[in-house]
Structures are given as C-alpha cells and as structure tokens.
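> The structure is given below, and queries will be raised subsequently.
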Amino acid sequence: QFKKPEDAIKYRQSVYTVMANSFGKIGAVVKGETPYNKDEVAKNAAIVATLSALPWQAFGPGTEGGNALPVVWSDNAKFKSASEKMQLAIVNLNVAAQSGDQEAIKKAFGAAGQTCKNCHDDFKKK
Ligand code: ASC
C-alpha cells in the first residue's frame with residue numbers, strides 16, 4: 001500500500017494534522033473561544049470521525065519511525081485497543097455534534113481528548 005516507510009509516516013501524520021485541525025475547532029467552541037454553530041461543529045465532528053479510521057493502516061510492519069515509539073509494533077494489541085477507544089469516543093462526539101446538544105458535545109469532547117492523550121502518553125515520542 002505504501003512504497004516506502006516514509007510514505008506511511010507522512011500519511012498517518014497528515015491524517016492526524018487534519019484531524020487535530022477540526023478537533024481543535026470544536027475545542028475552541030467548547031472552551032467558549034468561538035461561538036457555537038451547530039452546523040460547523042457537526043461538520044468538524046464528521047471530518048474527525050471519517051479521519052479517525054485512517055491512520056491505523058499506515059502503522060504496518062516496517063513503518064517504524066516518525067513520532068511513534070517502538071511499542072506500537074512490539075505491543076500492537078495494546079496500540080490497537082487504544083486506537084479503538086479513540087474511534088469509539090469520536091463516534092460518540094459525532095453523535096453529540098449531530099444532535100446539537102451542547103452539554104453532550106462538551107462531555108464527549110473531553111472524553112475524546114482524553115483518548116488522544118492516552119495514546120500520546122503511551123505511544124508517541126515526547
Ligand atoms: C487536540 C489535539 C490533540 C488532543 C490532545 C488532547 O486538540 O491536537 O492531540 O487535543 O491534546 O489531550
């Protein structure tokens with residue numbers, strides 16, 4: 001699927017970059033820095049939800065490196081489990097965003113952000 005390991009690294013980092021952009025836009029609303037607009041939050045949550053499925057295919061064997069720690073490959077089951085927790089939290093955020101329930105969005109955003117952090121703590125170079 002990827003010709004060189006660098007291609008996989010670039011792919012997964014690009015996905016995270018675009019995800020973080022939309023996630024950050026929702027975060028600005030949750031923090032009160034940007035006024036709430038249902039369609040905007042719903043759109044950004046849908047983007048994050050779509051992208052959240054993509055990075056994992058770019059962590060295959062032989063693609064070690066970038067900002068990923070070796071434990072991604074040496075304990076891949078743990079990484080997979082963490083990735084699934086993130087994807088589930090993002091589904092919940094997307095459901096809340098589409099519903100327009102601001103309290104639910106706030107809660108789901110916090111929970112989703114925690115799953116980002118969990119993975120960074122365990123699998124990302126500091
Ligand atoms: C973000 C972002 C992350 C997460 C993480 C949450 O906005 O880019 O990686 O939130 O910082 O702890």
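We label chains A, B, ... in the order they appear in the structure tokens, count residues from 1 in each chain, and number ligands from 1 in the order shown.
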Ala45 (chain A): which residues within 10 Å, counting only C-alpha atoms, same-chain residues fewer than 3 positions away excluded, as a list of chain:residue names?
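Near Ala45 (chain A), the qualifying residues are A:Met19, A:Ser22, A:Phe23, A:Lys25, A:Ile26, A:Asp39, A:Glu40, A:Val41, A:Ala42, A:Val48, A:Ala49, A:Thr50, A:Leu51, A:Ile90, A:Val91, A:Asn92, A:Leu93, A:Asn94, A:Val95, A:Ala96, A:Ala97, A:Gln98, A:Ile105, A:Phe109.
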> Give me the residues of chain A that have any atom at most 12 Å from an atom of ligand 1; for each, the nearest atom pair and the distance in Å, rounded to one decimal. Use only C-alpha atoms and all ligand atoms, sort by chain and number, and format it as a Markdown table.

| residue | atom | partner | partner_atom_place_in_ligand_line | distance |
| --- | --- | --- | --- | --- |
| A:Gln13 | CA | ligand 1 | 9 (O) | 11.4 |
| A:Val15 | CA | ligand 1 | 8 (O) | 11.4 |
| A:Tyr16 | CA | ligand 1 | 8 (O) | 7.9 |
| A:Thr17 | CA | ligand 1 | 8 (O) | 7.6 |
| A:Val18 | CA | ligand 1 | 8 (O) | 9.3 |
| A:Met19 | CA | ligand 1 | 8 (O) | 7.6 |
| A:Ala20 | CA | ligand 1 | 8 (O) | 4.1 |
| A:Asn21 | CA | ligand 1 | 8 (O) | 7.0 |
| A:Ser22 | CA | ligand 1 | 7 (O) | 8.3 |
| A:Phe23 | CA | ligand 1 | 7 (O) | 5.5 |
| A:Gly24 | CA | ligand 1 | 7 (O) | 4.4 |
| A:Lys25 | CA | ligand 1 | 7 (O) | 8.2 |
| A:Ile26 | CA | ligand 1 | 7 (O) | 8.5 |
| A:Gly27 | CA | ligand 1 | 7 (O) | 6.6 |
| A:Ala28 | CA | ligand 1 | 7 (O) | 9.1 |
| A:Val29 | CA | ligand 1 | 7 (O) | 11.8 |
| A:Val30 | CA | ligand 1 | 7 (O) | 11.2 |
| A:Lys31 | CA | ligand 1 | 7 (O) | 11.5 |
| A:Val48 | CA | ligand 1 | 7 (O) | 11.1 |
| A:Met86 | CA | ligand 1 | 4 (C) | 10.8 |
| A:Ile90 | CA | ligand 1 | 4 (C) | 11.8 |
| A:Phe109 | CA | ligand 1 | 10 (O) | 9.0 |
| A:Gly110 | CA | ligand 1 | 6 (C) | 8.1 |
| A:Ala111 | CA | ligand 1 | 6 (C) | 9.2 |
| A:Ala112 | CA | ligand 1 | 6 (C) | 7.6 |
| A:Gly113 | CA | ligand 1 | 6 (C) | 3.9 |
| A:Gln114 | CA | ligand 1 | 12 (O) | 5.4 |
| A:Thr115 | CA | ligand 1 | 6 (C) | 7.3 |
| A:Cys116 | CA | ligand 1 | 5 (C) | 5.0 |
| A:Lys117 | CA | ligand 1 | 12 (O) | 4.1 |
| A:Asn118 | CA | ligand 1 | 12 (O) | 7.8 |
| A:Cys119 | CA | ligand 1 | 9 (O) | 9.1 |
| A:His120 | CA | ligand 1 | 9 (O) | 7.5 |
| A:Asp121 | CA | ligand 1 | 12 (O) | 9.5 |
| A:Lys124 | CA | ligand 1 | 9 (O) | 10.6 |
> List the neighbours of Gly66 (chain A) out to 9 Å using only C-alpha atoms; skip same-chain residues closer than 4 positions along the sequence, and give me the result as a PDB file with N, CA, C and O atoms, in the first residue's frame.

ATOM      1  N   GLU A   6       8.552   5.998   4.694  1.00  0.00           N
ATOM      2  CA  GLU A   6       8.322   7.453   4.812  1.00  0.00           C
ATOM      3  C   GLU A   6       6.943   7.838   4.294  1.00  0.00           C
ATOM      4  O   GLU A   6       6.342   8.795   4.787  1.00  0.00           O
ATOM      5  N   ILE A   9       4.530   7.071   7.057  1.00  0.00           N
ATOM      6  CA  ILE A   9       4.692   8.052   8.140  1.00  0.00           C
ATOM      7  C   ILE A   9       4.038   9.377   7.749  1.00  0.00           C
ATOM      8  O   ILE A   9       3.290   9.979   8.527  1.00  0.00           O
ATOM      9  N   LYS A  10       4.271   9.798   6.516  1.00  0.00           N
ATOM     10  CA  LYS A  10       3.685  11.054   6.039  1.00  0.00           C
ATOM     11  C   LYS A  10       2.153  10.957   6.007  1.00  0.00           C
ATOM     12  O   LYS A  10       1.453  11.903   6.387  1.00  0.00           O
ATOM     13  N   GLN A  13       0.783  10.994   9.666  1.00  0.00           N
ATOM     14  CA  GLN A  13       0.960  12.314  10.270  1.00  0.00           C
ATOM     15  C   GLN A  13       0.023  13.340   9.636  1.00  0.00           C
ATOM     16  O   GLN A  13      -0.507  14.219  10.320  1.00  0.00           O
ATOM     17  N   LYS A 125       6.503   9.734  20.817  1.00  0.00           N
ATOM     18  CA  LYS A 125       7.732  10.332  21.352  1.00  0.00           C
ATOM     19  C   LYS A 125       7.417  11.692  21.956  1.00  0.00           C
ATOM     20  O   LYS A 125       6.623  12.454  21.404  1.00  0.00           O
TER      21      LYS A 125
END
> Figure out the distance between CA of Lys106 (chain A) and CA of Ser81 (chain A), please, to one decimal in Å.
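Result for CA of Ser81 (chain A) versus CA of Lys106 (chain A): 24.0 Å, one decimal.
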> If we count only C-alpha atoms, what is near Ala58 (chain A) at a cut-off of 6 Å, once residues fewer than 3 positions away on the same chain are taken out, given as a ChimeraX atom specification?
/A:8,12,55
> So how many Å separate CA of Asp122 (chain A) and CA of Pro70 (chain A), to one decimal?
10.4 Å
> Can you list, as a PyMOL selection string, every residue of region 11-116 of chain A that DSSP puts in helix (DSSP H, G or I)?
chain A and resi 11-30+38-51+55-58+71-74+76-99+102-116
> Do a neighbour search on Lys80 (chain A) at 12 Å with only C-alpha atoms, toss out local chain neighbours closer than 5 positions, and write the hits as a ChimeraX atom specification.
/A:53,55-57,59-60,71-75,85-87,119,123
> Would you pick out the contacts of Lys126 (chain A) at 10 Å or less, using only C-alpha atoms, so that residues sharing its chain but fewer than 6 positions from it are not included, and give the list as a list in words?
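So the residues in contact are Asn67, Ala68, Leu69 and His120 of chain A.
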